[in-house]
Structure formats: C-alpha cells, structure tokens
file target-v2.txt (compact mmCIF, C-alpha atoms and all ligand atoms)
# COMPACT_ATOMS: atom_id res chain seq x y z
CA MET A 1 0.00 0.00 0.00
CA SER A 2 1.53 3.32 -1.06
CA LEU A 3 1.37 6.51 1.00
CA LEU A 4 -1.15 7.84 -1.50
CA ASP A 5 -3.42 4.81 -0.93
CA ILE A 6 -3.13 5.25 2.83
CA ASN A 7 -4.16 8.91 2.59
CA LYS A 8 -7.11 8.03 0.38
CA ARG A 9 -8.30 5.28 2.71
CA MET A 10 -7.99 7.57 5.73
CA GLU A 11 -10.22 10.14 4.01
CA ASN A 12 -12.79 7.48 3.14
CA GLU A 13 -12.91 6.04 6.63
CA GLY A 14 -13.20 9.26 8.57
CA GLY A 15 -9.51 9.58 9.31
CA PHE A 16 -9.03 6.18 10.93
CA ILE A 17 -7.67 3.04 9.40
CA PRO A 18 -6.98 0.07 11.64
CA PRO A 19 -3.37 -0.50 12.67
CA VAL A 20 -1.50 -3.56 11.40
CA LEU A 21 1.52 -5.49 12.63
CA ARG A 22 4.32 -6.04 10.16
CA GLN A 23 7.20 -8.39 10.76
CA ASN A 24 10.81 -7.57 9.92
CA ILE A 25 11.68 -10.42 7.57
CA VAL A 26 15.32 -10.46 8.78
CA THR A 27 15.15 -10.02 12.57
CA GLY A 28 11.63 -11.27 13.24
CA ASP A 29 10.82 -8.08 15.22
CA TRP A 30 7.25 -6.79 14.97
CA ILE A 31 6.39 -3.20 14.03
CA VAL A 32 2.97 -1.51 14.40
CA ILE A 33 1.87 0.61 11.45
CA ALA A 34 -0.82 2.87 12.90
CA PRO A 35 -1.60 5.63 10.39
CA GLY A 36 -4.49 6.95 12.47
CA ARG A 37 -2.10 8.17 15.16
CA SER A 38 -0.28 10.81 13.13
CA ARG A 39 -2.64 12.66 10.89
CA ARG A 40 -1.33 16.21 10.80
CA PRO A 41 2.10 17.12 9.47
CA ASP A 42 2.91 18.96 12.69
CA ASP A 43 2.53 15.67 14.57
CA PHE A 44 5.89 14.75 13.12
CA ILE A 45 7.63 17.82 14.49
CA HIS A 46 9.55 17.19 17.71
CA PRO A 47 7.14 18.17 20.48
CA LYS A 48 9.80 19.99 22.46
CA SER A 49 7.87 22.99 23.73
CA LYS A 50 4.20 22.31 23.15
CA PRO A 51 1.98 24.99 24.65
CA VAL A 52 0.34 23.89 27.88
CA LYS A 53 -3.30 23.14 27.16
CA SER A 54 -5.83 24.71 29.47
CA LYS A 55 -8.02 22.42 31.53
CA GLU A 56 -11.05 23.44 29.43
CA GLU A 57 -9.60 21.98 26.24
CA CYS A 58 -7.71 19.09 27.90
CA PRO A 59 -9.10 15.76 26.62
CA PHE A 60 -8.29 14.06 29.96
CA CYS A 61 -9.94 16.53 32.35
CA VAL A 62 -13.37 15.57 33.66
CA GLY A 63 -15.75 18.38 32.74
CA SER A 64 -13.80 19.63 29.70
CA ALA A 65 -15.49 19.94 26.30
CA GLY A 66 -13.79 16.85 24.84
CA PHE A 67 -14.37 14.54 27.82
CA LYS A 68 -17.36 12.25 28.18
CA ASN A 69 -18.08 10.62 31.55
CA SER A 70 -19.49 7.65 29.66
CA ASP A 71 -15.97 6.94 28.35
CA ILE A 72 -14.74 6.01 31.84
CA LEU A 73 -14.01 2.28 32.08
CA SER A 74 -13.05 2.32 35.75
CA ASN A 75 -12.77 4.90 38.49
CA HIS A 76 -10.68 4.82 41.68
CA GLY A 77 -11.00 8.20 43.38
CA ASP A 78 -8.09 10.14 41.93
CA VAL A 79 -7.38 7.68 39.11
CA TYR A 80 -9.69 6.82 36.20
CA VAL A 81 -9.35 4.82 33.00
CA ILE A 82 -10.56 5.50 29.44
CA GLU A 83 -9.89 3.92 26.06
CA ASN A 84 -7.26 5.53 23.84
CA LYS A 85 -8.90 7.48 21.00
CA PHE A 86 -6.10 6.56 18.56
CA PRO A 87 -5.29 2.99 19.55
CA ALA A 88 -2.15 1.22 18.35
CA PHE A 89 -4.02 -1.99 19.12
CA TYR A 90 -7.74 -2.06 18.47
CA GLN A 91 -10.53 -4.18 19.79
CA LYS A 92 -12.34 -5.29 16.67
CA LYS A 93 -12.92 -9.02 16.76
CA THR A 94 -11.23 -9.98 13.54
CA ALA A 95 -9.02 -12.96 12.88
CA THR A 96 -5.56 -12.61 14.39
CA ARG A 97 -3.81 -15.02 12.06
CA SER A 98 -0.94 -13.77 9.96
CA TYR A 99 -1.36 -13.31 6.21
CA TYR A 100 1.27 -12.86 3.56
CA PRO A 101 0.76 -9.85 1.28
CA GLU A 102 2.73 -8.93 -1.84
CA GLU A 103 2.66 -12.41 -3.33
CA GLY A 104 3.37 -14.07 -0.02
CA PHE A 105 6.68 -12.31 0.50
CA TYR A 106 6.08 -10.38 3.75
CA CYS A 107 4.19 -11.21 6.93
CA GLU A 108 1.44 -9.04 8.35
CA ARG A 109 -1.44 -9.43 10.80
CA PRO A 110 -4.23 -7.26 12.24
CA SER A 111 -3.05 -5.29 15.25
CA VAL A 112 -5.80 -6.43 17.59
CA GLY A 113 -5.71 -5.74 21.29
CA GLN A 114 -6.46 -3.05 23.79
CA HIS A 115 -5.04 0.41 24.44
CA GLU A 116 -6.18 2.21 27.59
CA VAL A 117 -5.24 5.48 29.27
CA VAL A 118 -4.96 5.62 33.08
CA ILE A 119 -5.48 9.22 34.12
CA ILE A 120 -4.57 11.06 37.32
CA LYS A 121 -7.32 13.52 38.26
CA ASP A 122 -5.10 16.55 38.98
CA HIS A 123 -4.19 18.19 35.64
CA ASN A 124 -1.15 19.99 37.07
CA LEU A 125 0.49 17.25 39.12
CA GLY A 126 3.75 15.98 37.59
CA LEU A 127 4.81 12.34 38.01
CA THR A 128 7.74 13.19 40.28
CA LYS A 129 5.32 14.99 42.67
CA PHE A 130 2.92 12.05 43.13
CA SER A 131 2.48 10.96 46.74
CA LYS A 132 3.27 7.34 47.56
CA ALA A 133 -0.43 6.71 48.13
CA LEU A 134 -1.35 8.11 44.70
CA THR A 135 1.37 6.07 42.96
CA SER A 136 0.09 2.97 44.72
CA GLU A 137 -3.45 3.79 43.55
CA LEU A 138 -2.11 4.21 40.00
CA PHE A 139 -0.27 0.86 40.07
CA TRP A 140 -3.24 -0.92 41.63
CA THR A 141 -5.59 0.48 38.96
CA ILE A 142 -3.14 -0.71 36.28
CA LEU A 143 -3.05 -4.16 37.90
CA GLU A 144 -6.86 -4.42 37.96
CA ARG A 145 -7.13 -3.34 34.31
CA TYR A 146 -4.30 -5.76 33.46
CA GLN A 147 -6.26 -8.67 34.91
CA LYS A 148 -9.33 -7.60 32.93
CA ILE A 149 -7.46 -7.14 29.62
CA LYS A 150 -5.73 -10.49 30.15
CA GLN A 151 -9.07 -12.30 29.79
CA ASP A 152 -9.02 -11.48 26.07
CA ASP A 153 -7.40 -14.50 24.47
CA GLN A 154 -6.36 -12.49 21.41
CA ILE A 155 -3.91 -10.60 23.62
CA PHE A 156 -0.45 -12.11 24.17
CA GLN A 157 1.39 -9.30 25.96
CA ILE A 158 0.36 -6.40 28.18
CA THR A 159 2.75 -3.48 28.61
CA PRO A 160 1.97 -0.69 31.10
CA ILE A 161 3.97 2.49 30.43
CA TYR A 162 4.30 6.09 31.64
CA ASN A 163 5.71 8.96 29.55
CA HIS A 164 6.75 12.02 31.55
CA GLY A 165 7.87 15.27 29.89
CA PRO A 166 8.26 16.41 26.27
CA GLU A 167 11.56 14.59 25.65
CA ALA A 168 9.82 11.33 26.59
CA GLY A 169 7.10 11.70 23.97
CA ALA A 170 4.32 12.80 26.35
CA SER A 171 1.97 14.37 23.79
CA ILE A 172 -0.60 15.52 26.36
CA ASP A 173 0.51 17.40 29.48
CA HIS A 174 -2.15 15.92 31.72
CA PRO A 175 -0.50 13.17 33.84
CA HIS A 176 -1.44 9.71 32.55
CA ALA A 177 -0.16 6.17 32.14
CA GLN A 178 -1.09 3.86 29.27
CA ILE A 179 -1.71 0.13 29.02
CA PHE A 180 -0.98 -1.59 25.71
CA GLY A 181 -2.38 -5.08 25.13
CA SER A 182 -0.95 -6.56 21.93
CA GLY A 183 -1.54 -9.68 19.85
CA VAL A 184 2.20 -10.39 19.73
CA VAL A 185 4.86 -10.83 22.42
CA ALA A 186 6.93 -7.66 22.92
CA ASN A 187 10.22 -7.75 20.98
CA THR A 188 12.15 -6.85 24.14
CA VAL A 189 10.51 -9.51 26.31
CA ASN A 190 11.00 -12.07 23.56
CA ARG A 191 14.76 -11.39 23.50
CA GLU A 192 15.05 -11.33 27.29
CA MET A 193 13.16 -14.60 27.63
CA ASP A 194 15.50 -16.26 25.15
CA GLY A 195 18.55 -15.20 27.15
CA ALA A 196 16.92 -16.01 30.49
CA GLU A 197 15.88 -19.46 29.30
CA ARG A 198 19.42 -20.19 28.14
CA TYR A 199 20.81 -19.07 31.54
CA PHE A 200 18.25 -21.23 33.31
CA GLY A 201 19.21 -24.20 31.14
CA ILE A 202 22.87 -23.89 32.17
CA ASN A 203 22.55 -22.77 35.81
CA GLY A 204 19.11 -23.99 36.86
CA VAL A 205 18.14 -20.63 38.39
CA CYS A 206 16.38 -17.44 37.27
CA VAL A 207 19.00 -14.98 36.01
CA TYR A 208 17.10 -12.04 37.52
CA CYS A 209 17.05 -13.70 40.95
CA ASP A 210 20.81 -14.16 40.55
CA ILE A 211 21.25 -10.48 39.57
CA ILE A 212 19.32 -9.43 42.70
CA LYS A 213 21.48 -11.65 44.89
CA HIS A 214 24.67 -10.35 43.27
CA GLU A 215 23.73 -6.66 43.38
CA ARG A 216 22.73 -6.83 47.06
CA LYS A 217 26.12 -8.38 47.83
CA GLU A 218 28.07 -6.00 45.58
CA LYS A 219 26.12 -2.92 46.83
CA SER A 220 27.78 -0.34 44.52
CA ARG A 221 24.79 -0.08 42.19
CA VAL A 222 22.01 -0.42 44.78
CA ILE A 223 19.92 2.75 45.19
CA PHE A 224 17.12 1.74 47.51
CA GLU A 225 15.61 -1.33 49.07
CA ASN A 226 12.45 -2.06 51.03
CA GLU A 227 10.84 -5.28 52.19
CA TYR A 228 9.79 -6.54 48.75
CA PHE A 229 11.65 -4.44 46.15
CA LEU A 230 15.17 -3.55 45.08
CA ALA A 231 16.02 -0.39 43.06
CA PHE A 232 19.40 -0.41 41.34
CA SER A 233 21.39 0.85 38.35
CA PRO A 234 21.91 -2.11 35.98
CA TYR A 235 25.52 -3.17 35.35
CA ALA A 236 25.19 -2.58 31.59
CA SER A 237 22.94 0.52 31.82
CA ARG A 238 22.18 1.99 28.40
CA TYR A 239 21.07 5.43 29.59
CA PRO A 240 22.46 7.77 32.25
CA PHE A 241 20.53 7.02 35.48
CA GLU A 242 18.71 4.00 34.04
CA THR A 243 17.06 2.30 37.02
CA TRP A 244 15.34 -1.04 37.56
CA ILE A 245 12.81 -1.69 40.29
CA ILE A 246 12.39 -5.41 40.75
CA PRO A 247 10.54 -7.69 43.19
CA LYS A 248 13.03 -9.49 45.47
CA ARG A 249 11.06 -12.74 45.49
CA HIS A 250 10.88 -14.70 42.26
CA GLN A 251 7.77 -13.49 40.47
CA SER A 252 7.32 -13.72 36.71
CA GLN A 253 3.94 -11.97 36.48
CA PHE A 254 3.27 -8.37 37.58
CA GLU A 255 -0.45 -9.03 37.93
CA THR A 256 -0.02 -11.60 40.70
CA SER A 257 1.25 -8.90 43.13
CA SER A 258 -0.67 -8.43 46.37
CA ARG A 259 -1.95 -5.03 47.52
CA ASN A 260 0.83 -4.98 50.08
CA GLU A 261 3.45 -5.61 47.39
CA ILE A 262 1.99 -2.87 45.19
CA ASP A 263 2.32 -0.45 48.15
CA GLU A 264 6.00 -1.39 48.46
CA PHE A 265 6.42 -1.15 44.67
CA ALA A 266 5.00 2.39 44.78
CA ASP A 267 7.27 3.19 47.75
CA ALA A 268 10.43 2.14 45.86
CA THR A 269 9.35 3.86 42.63
CA THR A 270 8.49 7.20 44.25
CA GLU A 271 11.75 7.12 46.24
CA VAL A 272 13.72 6.86 42.99
CA LEU A 273 11.57 9.48 41.22
CA TYR A 274 11.95 11.98 44.10
CA ARG A 275 15.72 11.54 44.05
CA LEU A 276 15.93 11.86 40.25
CA GLU A 277 13.85 15.06 40.42
CA LYS A 278 16.13 16.44 43.12
CA ILE A 279 19.35 16.04 41.16
CA LEU A 280 17.87 16.50 37.67
CA PRO A 281 14.92 18.93 38.02
CA ASP A 282 12.32 18.80 35.22
CA LEU A 283 13.83 15.77 33.56
CA SER A 284 11.80 13.78 31.04
CA LEU A 285 11.60 10.02 31.48
CA ASN A 286 9.84 6.85 30.38
CA MET A 287 8.87 4.01 32.68
CA TYR A 288 7.58 0.64 31.56
CA ILE A 289 6.83 -2.75 33.04
CA ARG A 290 8.30 -5.85 31.43
CA THR A 291 6.42 -8.96 32.44
CA LEU A 292 5.55 -12.47 31.29
CA PRO A 293 3.45 -12.81 28.11
CA THR A 294 -0.17 -13.55 29.01
CA THR A 295 -0.02 -16.75 26.98
CA MET A 296 2.00 -18.33 29.82
CA ASN A 297 0.79 -19.10 33.32
CA ASP A 298 3.97 -18.86 35.32
CA CYS A 299 7.63 -19.13 34.50
CA ASP A 300 10.71 -20.27 36.43
CA TYR A 301 13.19 -18.27 34.36
CA TYR A 302 11.49 -14.89 33.70
CA HIS A 303 11.03 -12.16 36.33
CA TRP A 304 8.96 -8.95 35.95
CA TYR A 305 10.38 -5.50 36.65
CA LEU A 306 9.91 -1.77 36.06
CA GLU A 307 12.52 0.12 34.10
CA ILE A 308 12.97 3.89 34.44
CA ALA A 309 14.68 5.44 31.41
CA PRO A 310 15.58 9.12 31.91
CA ARG A 311 15.76 10.97 28.56
CA LEU A 312 18.90 13.02 29.09
CA THR A 313 20.62 12.09 25.84
CA THR A 314 19.40 11.23 22.36
CA PHE A 315 20.79 8.50 20.17
CA GLY A 316 23.19 9.60 17.43
CA GLY A 317 24.19 7.87 14.22
CA PHE A 318 26.53 5.43 15.91
CA GLU A 319 23.90 4.20 18.37
CA MET A 320 21.30 3.98 15.59
CA GLY A 321 23.72 2.32 13.21
CA SER A 322 25.44 -0.14 15.50
CA GLY A 323 22.96 -0.64 18.32
CA LEU A 324 25.98 -0.12 20.59
CA ILE A 325 24.90 2.55 23.01
CA ILE A 326 27.40 4.96 24.52
CA ASN A 327 26.41 5.80 28.10
CA ILE A 328 28.37 8.74 29.54
CA VAL A 329 27.41 8.09 33.19
CA PRO A 330 28.76 4.87 34.76
CA PRO A 331 25.93 3.11 36.65
CA GLU A 332 28.05 3.03 39.84
CA LYS A 333 28.27 6.84 39.66
CA ALA A 334 24.52 7.16 38.98
CA ALA A 335 23.75 4.95 41.98
CA GLU A 336 26.10 7.00 44.15
CA TYR A 337 24.23 10.23 43.27
CA LEU A 338 20.82 8.64 43.76
CA LYS A 339 21.83 6.98 47.03
CA SER A 340 23.06 10.13 48.72
CA ASN A 341 20.17 12.36 47.68
ZN ZN B 401 -6.27 17.92 32.02
ZN ZN B 402 13.53 -14.64 39.44
call {"tool": "encode", "arguments": {"input": "target-v2.txt", "output": "structure tokens"}}
result
Amino acid sequence: MSLLDINKRMENEGGFIPPVLRQNIVTGDWIVIAPGRSRRPDDFIHPKSKPVKSKEECPFCVGSAGFKNSDILSNHGDVYVIENKFPAFYQKKTATRSYYPEEGFYCERPSVGQHEVVIIKDHNLGLTKFSKALTSELFWTILERYQKIKQDDQIFQITPIYNHGPEAGASIDHPHAQIFGSGVVANTVNREMDGAERYFGINGVCVYCDIIKHERKEKSRVIFENEYFLAFSPYASRYPFETWIIPKRHQSQFETSSRNEIDEFADATTEVLYRLEKILPDLSLNMYIRTLPTTMNDCDYYHWYLEIAPRLTTFGGFEMGSGLIINIVPPEKAAEYLKSN
C-alpha cells in the first residue's frame, strides 16, 4: 500500500484506518503501522515545547469539552481509565492469524488488542510529585485493568507504560499512564526470555534472581531497598541514570502482586523518582513494566520489573547504526548520586 493509498483510505474512513503489525523479515521483530495516530504534518515535528493546554480543552480533564463521563471504564477516586482514542491496538474481533501480502513475501497481521489510558485527576500534578499513596493507587488500577485485559485470548502481551515530559514523547501534558495489550509478544521480552531461558538451562536458576542476589552483595549499584523491592542501576545501563525496580522474590507476572506488594512497589518507585527530580529537576523520562506474556501461566526463568529510562541524551548515528549505546554516566556513579540524595 503506497502513501497515496493510505491517505485516500484515511479520508474514506473518517480519518481512521486500523493499525497492522508487520514483521521484519530479517530479525523477526514486529512493528505496528498505525496511520491513524499521526494525521497532521505537525505531529511529526519534535514536540519539544508544546503549549500547555488549558483544563477546558484538555481531553483528559473531567468536565472539559472533549471529555465524556461515559468513556470512563473504571474509576478509583483520583485515578480513572478511558480507552485511547487513537489505539495502536484495536478491539475489533477480527481474525488474528498472519497473512502474507505482496505475493506471499512479507508477513502481516491485524493489530488487535487493547489500548487504555490511566489518568490522574489533577491536571497539574507531575509524576515526580505524586504521593506514595497516589502512585500505589495508580499501580493498583493498572493491575486491575491488566487482569481484565488479560481475559481477552487475542492478547499475548500487556505493557503498562508512563511517559513524563516532552523529551519522553508525552503528547498531552495531563498526567497519565497507558496500558498496551498486543496480539504479539513484545520484541524486548522475547529477547530477554530467550537469554533467560538459556541461563536457566545452564545454571538452573532465574538470572534475575541471581542479579538481585549479586547486586545486594556487591552494593555499589544499589539505590534503595524495602521489604519486597530492590532499586538499582543495571551493570550494563544503556542510559544515564537507568534504574530497575524489581521484586526481590521470584515473580514472573506483575499481575499476581498483592496489595501490600503494590504499596511497596510504589514506595520504591516514588523514592527513585523523588531523588531523580532532586538532582535533575524537570527531567523527562519513560517508565515501563516488562512482564511475562499472558499466553504463559507462570515461569521459572522470567522475572517482571519496572525500568525507568531518563531521557537526558538522544541517540546519534553510531547508536542507531550499530545498536551499541554509549552511556556517559557509569551506573556506579549514577547509583552514588541517587543513594546520597
Ligand atoms: Zn487535564
Ligand atoms: Zn527470578
């Protein structure tokens, strides 16, 4: 399908054409082509200094012109959930099987799934200012939605994420998380599971459990620890101040956490966010949860965790070309800053 065809189809179908998954024929990685998400040319311009939208025109503020109460899927006091208006994964009940367009050369399949937005009520509250109680409410809401989305057997992987700040691709200022439920396993999780399975085959233990044990003994990269969670700078950090927050007991699935564990998870996450904000005010960052595909029940060799990726640097040609990332802050140094602040 040429760009011209895509434009024509978008006009015919009121600006929305369903997203599709396309597979890289060489690496096997999946890509989502979602033309409905970028319709105006200025959507392609780097959103560095977008004007702050007023509450009246904010699509996530209850009571604004664009917001309908009937859109709310779940409500938890200061946290509510709606469906994404431009989903990368859409709910239509079509077949999920792959097909092979262009005379059977490439592989494509409908991008079915679910894409929800988890919104914090207060329009002006930035992520690094959330109280521990609010963060816990946010994580618990995500967990409840996760369990609901998981019931859809067309969905293989659920990825909760949070974009904070313009450098992190937050297109709407209003604080919100998103939950992506996709019909394919995440490329990252796929790769990690391969490596973790190999490690398990050789050593008979979960590699993440071994990392936790090693880091707690080594101490130089540990930032914070509470009863159930460890926050540390990974040994081979790709970004300055990259941080992992990981459950200390072996747990492959995020959604099996208890309320108590979610409280501790929120405690560790906010601790790290407060410290990052203190030494790097107004920084942009992404956070995302990597967890077991929903096609599996439990797993001895995979272990869920949250990754915080501060957006302090951008990738240049070498990083893009080689995939070898140059990180200018050693993780031991990053942990030292975050420990003492
Ligand atoms: Zn708002
Ligand atoms: Zn483990």
call {"tool": "closest_residue", "arguments": {"input": "target-v2.txt", "among": "A:Pro293, A:Pro247, A:Pro281, A:Gly321", "to": "ligand ZN 402 (chain B)", "atoms": "only C-alpha atoms and all ligand atoms"}}
result
A:Pro247
call {"tool": "closest_residue", "arguments": {"input": "target-v2.txt", "among": "A:Ser220, A:Asn84, A:Thr291, A:Thr96", "to": "A:Glu108", "atoms": "only C-alpha atoms"}}
result
A:Thr96
call {"tool": "residues_near_ligand", "arguments": {"input": "target-v2.txt", "ligand": "ligand ZN 402 (chain B)", "cutoff": "9 Å", "atoms": "only C-alpha atoms and all ligand atoms", "output": "list in words"}}
result
Val205, Cys206, Val207, Tyr208, Cys209, Asp210, Ile211, Ile212, Pro247, Lys248, Arg249, His250, Gln251, Ser252, Cys299, Asp300, Tyr301, Tyr302, His303 and Trp304 of chain A
call {"tool": "axis_aligned_box", "arguments": {"input": "target-v2.txt", "around": "stretch 174-191 of chain A", "padding_each_side": "6 Å", "output": "lines of an AutoDock Vina configuration file"}}
result
center_x = 6.2
center_y = 1.9
center_z = 26.8
size_x = 29.1
size_y = 40.0
size_z = 26.1
call {"tool": "atom_distance", "arguments": {"input": "target-v2.txt", "atom1": "atom CA of A:Lys219", "atom2": "atom CA of A:Glu255"}}
result
28.7 Å
call {"tool": "residues_around", "arguments": {"input": "target-v2.txt", "residues": "A:Ile25", "least_positions_apart": "2", "cutoff": "8 Å", "atoms": "all atoms listed in the file", "output": "JSON, numbers by chain"}}
result
{"A": [23, 27, 28, 106, 107]}
call {"tool": "residues_near_ligand", "arguments": {"input": "target-v2.txt", "ligand": "ligand ZN 401 (chain B)", "cutoff": "7 Å", "atoms": "all atoms listed in the file", "output": "PDB file with C-alpha atoms, in the coordinates of the input"}}
result
ATOM      1  CA  LYS A  55      -8.020  22.420  31.530  1.00  0.00           C
ATOM      2  CA  CYS A  58      -7.710  19.090  27.900  1.00  0.00           C
ATOM      3  CA  PRO A  59      -9.100  15.760  26.620  1.00  0.00           C
ATOM      4  CA  PHE A  60      -8.290  14.060  29.960  1.00  0.00           C
ATOM      5  CA  CYS A  61      -9.940  16.530  32.350  1.00  0.00           C
ATOM      6  CA  HIS A 123      -4.190  18.190  35.640  1.00  0.00           C
ATOM      7  CA  HIS A 174      -2.150  15.920  31.720  1.00  0.00           C
TER       8      HIS A 174
END
call {"tool": "decode", "arguments": {"input": "target-v2.txt", "residues": "stretch 298-321 of chain A", "atoms": "N, CA and C atoms", "output": "mmCIF file, in the first residue's frame"}}
result
data_model
loop_
_atom_site.group_PDB
_atom_site.id
_atom_site.type_symbol
_atom_site.label_atom_id
_atom_site.label_comp_id
_atom_site.auth_asym_id
_atom_site.auth_seq_id
_atom_site.Cartn_x
_atom_site.Cartn_y
_atom_site.Cartn_z
ATOM 1 N N ASP A 298 2.947 -19.199 34.350
ATOM 2 C CA ASP A 298 3.973 -18.865 35.324
ATOM 3 C C ASP A 298 5.276 -19.300 34.676
ATOM 4 N N CYS A 299 6.382 -18.810 35.167
ATOM 5 C CA CYS A 299 7.633 -19.131 34.504
ATOM 6 C C CYS A 299 8.776 -19.116 35.512
ATOM 7 N N ASP A 300 9.596 -20.158 35.493
ATOM 8 C CA ASP A 300 10.714 -20.273 36.427
ATOM 9 C C ASP A 300 11.879 -19.348 36.062
ATOM 10 N N TYR A 301 11.979 -18.987 34.778
ATOM 11 C CA TYR A 301 13.189 -18.266 34.361
ATOM 12 C C TYR A 301 12.966 -16.798 34.023
ATOM 13 N N TYR A 302 11.708 -16.324 33.947
ATOM 14 C CA TYR A 302 11.490 -14.893 33.695
ATOM 15 C C TYR A 302 11.014 -14.204 34.962
ATOM 16 N N HIS A 303 11.247 -12.891 35.081
ATOM 17 C CA HIS A 303 11.033 -12.162 36.333
ATOM 18 C C HIS A 303 10.597 -10.744 35.947
ATOM 19 N N TRP A 304 9.438 -10.276 36.396
ATOM 20 C CA TRP A 304 8.957 -8.951 35.952
ATOM 21 C C TRP A 304 9.723 -7.830 36.650
ATOM 22 N N TYR A 305 9.768 -6.679 36.026
ATOM 23 C CA TYR A 305 10.384 -5.497 36.653
ATOM 24 C C TYR A 305 9.925 -4.222 35.963
ATOM 25 N N LEU A 306 10.164 -3.094 36.634
ATOM 26 C CA LEU A 306 9.906 -1.774 36.057
ATOM 27 C C LEU A 306 11.242 -1.156 35.685
ATOM 28 N N GLU A 307 11.307 -0.592 34.496
ATOM 29 C CA GLU A 307 12.520 0.124 34.097
ATOM 30 C C GLU A 307 12.205 1.612 34.013
ATOM 31 N N ILE A 308 13.087 2.434 34.582
ATOM 32 C CA ILE A 308 12.969 3.890 34.443
ATOM 33 C C ILE A 308 14.077 4.324 33.497
ATOM 34 N N ALA A 309 13.704 4.991 32.406
ATOM 35 C CA ALA A 309 14.681 5.441 31.411
ATOM 36 C C ALA A 309 14.642 6.965 31.304
ATOM 37 N N PRO A 310 15.526 7.656 32.033
ATOM 38 C CA PRO A 310 15.576 9.119 31.905
ATOM 39 C C PRO A 310 16.011 9.503 30.490
ATOM 40 N N ARG A 311 15.435 10.564 29.932
ATOM 41 C CA ARG A 311 15.757 10.972 28.558
ATOM 42 C C ARG A 311 16.680 12.183 28.598
ATOM 43 N N LEU A 312 17.918 11.935 28.972
ATOM 44 C CA LEU A 312 18.901 13.016 29.095
ATOM 45 C C LEU A 312 19.732 13.153 27.825
ATOM 46 N N THR A 313 19.840 12.065 27.073
ATOM 47 C CA THR A 313 20.622 12.090 25.840
ATOM 48 C C THR A 313 19.757 11.529 24.714
ATOM 49 N N THR A 314 20.098 11.860 23.481
ATOM 50 C CA THR A 314 19.396 11.229 22.356
ATOM 51 C C THR A 314 20.406 10.361 21.602
ATOM 52 N N PHE A 315 19.897 9.383 20.905
ATOM 53 C CA PHE A 315 20.788 8.502 20.166
ATOM 54 C C PHE A 315 21.301 9.185 18.902
ATOM 55 N N GLY A 316 22.591 9.077 18.653
ATOM 56 C CA GLY A 316 23.188 9.601 17.433
ATOM 57 C C GLY A 316 23.327 8.488 16.402
ATOM 58 N N GLY A 317 24.026 8.812 15.331
ATOM 59 C CA GLY A 317 24.189 7.869 14.216
ATOM 60 C C GLY A 317 24.854 6.571 14.630
ATOM 61 N N PHE A 318 25.840 6.648 15.517
ATOM 62 C CA PHE A 318 26.534 5.427 15.914
ATOM 63 C C PHE A 318 25.603 4.475 16.652
ATOM 64 N N GLU A 319 24.837 5.033 17.616
ATOM 65 C CA GLU A 319 23.895 4.203 18.372
ATOM 66 C C GLU A 319 22.839 3.603 17.443
ATOM 67 N N MET A 320 22.324 4.450 16.517
ATOM 68 C CA MET A 320 21.295 3.977 15.585
ATOM 69 C C MET A 320 21.881 2.927 14.634
ATOM 70 N N GLY A 321 23.113 3.183 14.211
ATOM 71 C CA GLY A 321 23.722 2.316 13.215
ATOM 72 C C GLY A 321 24.217 1.001 13.776
#
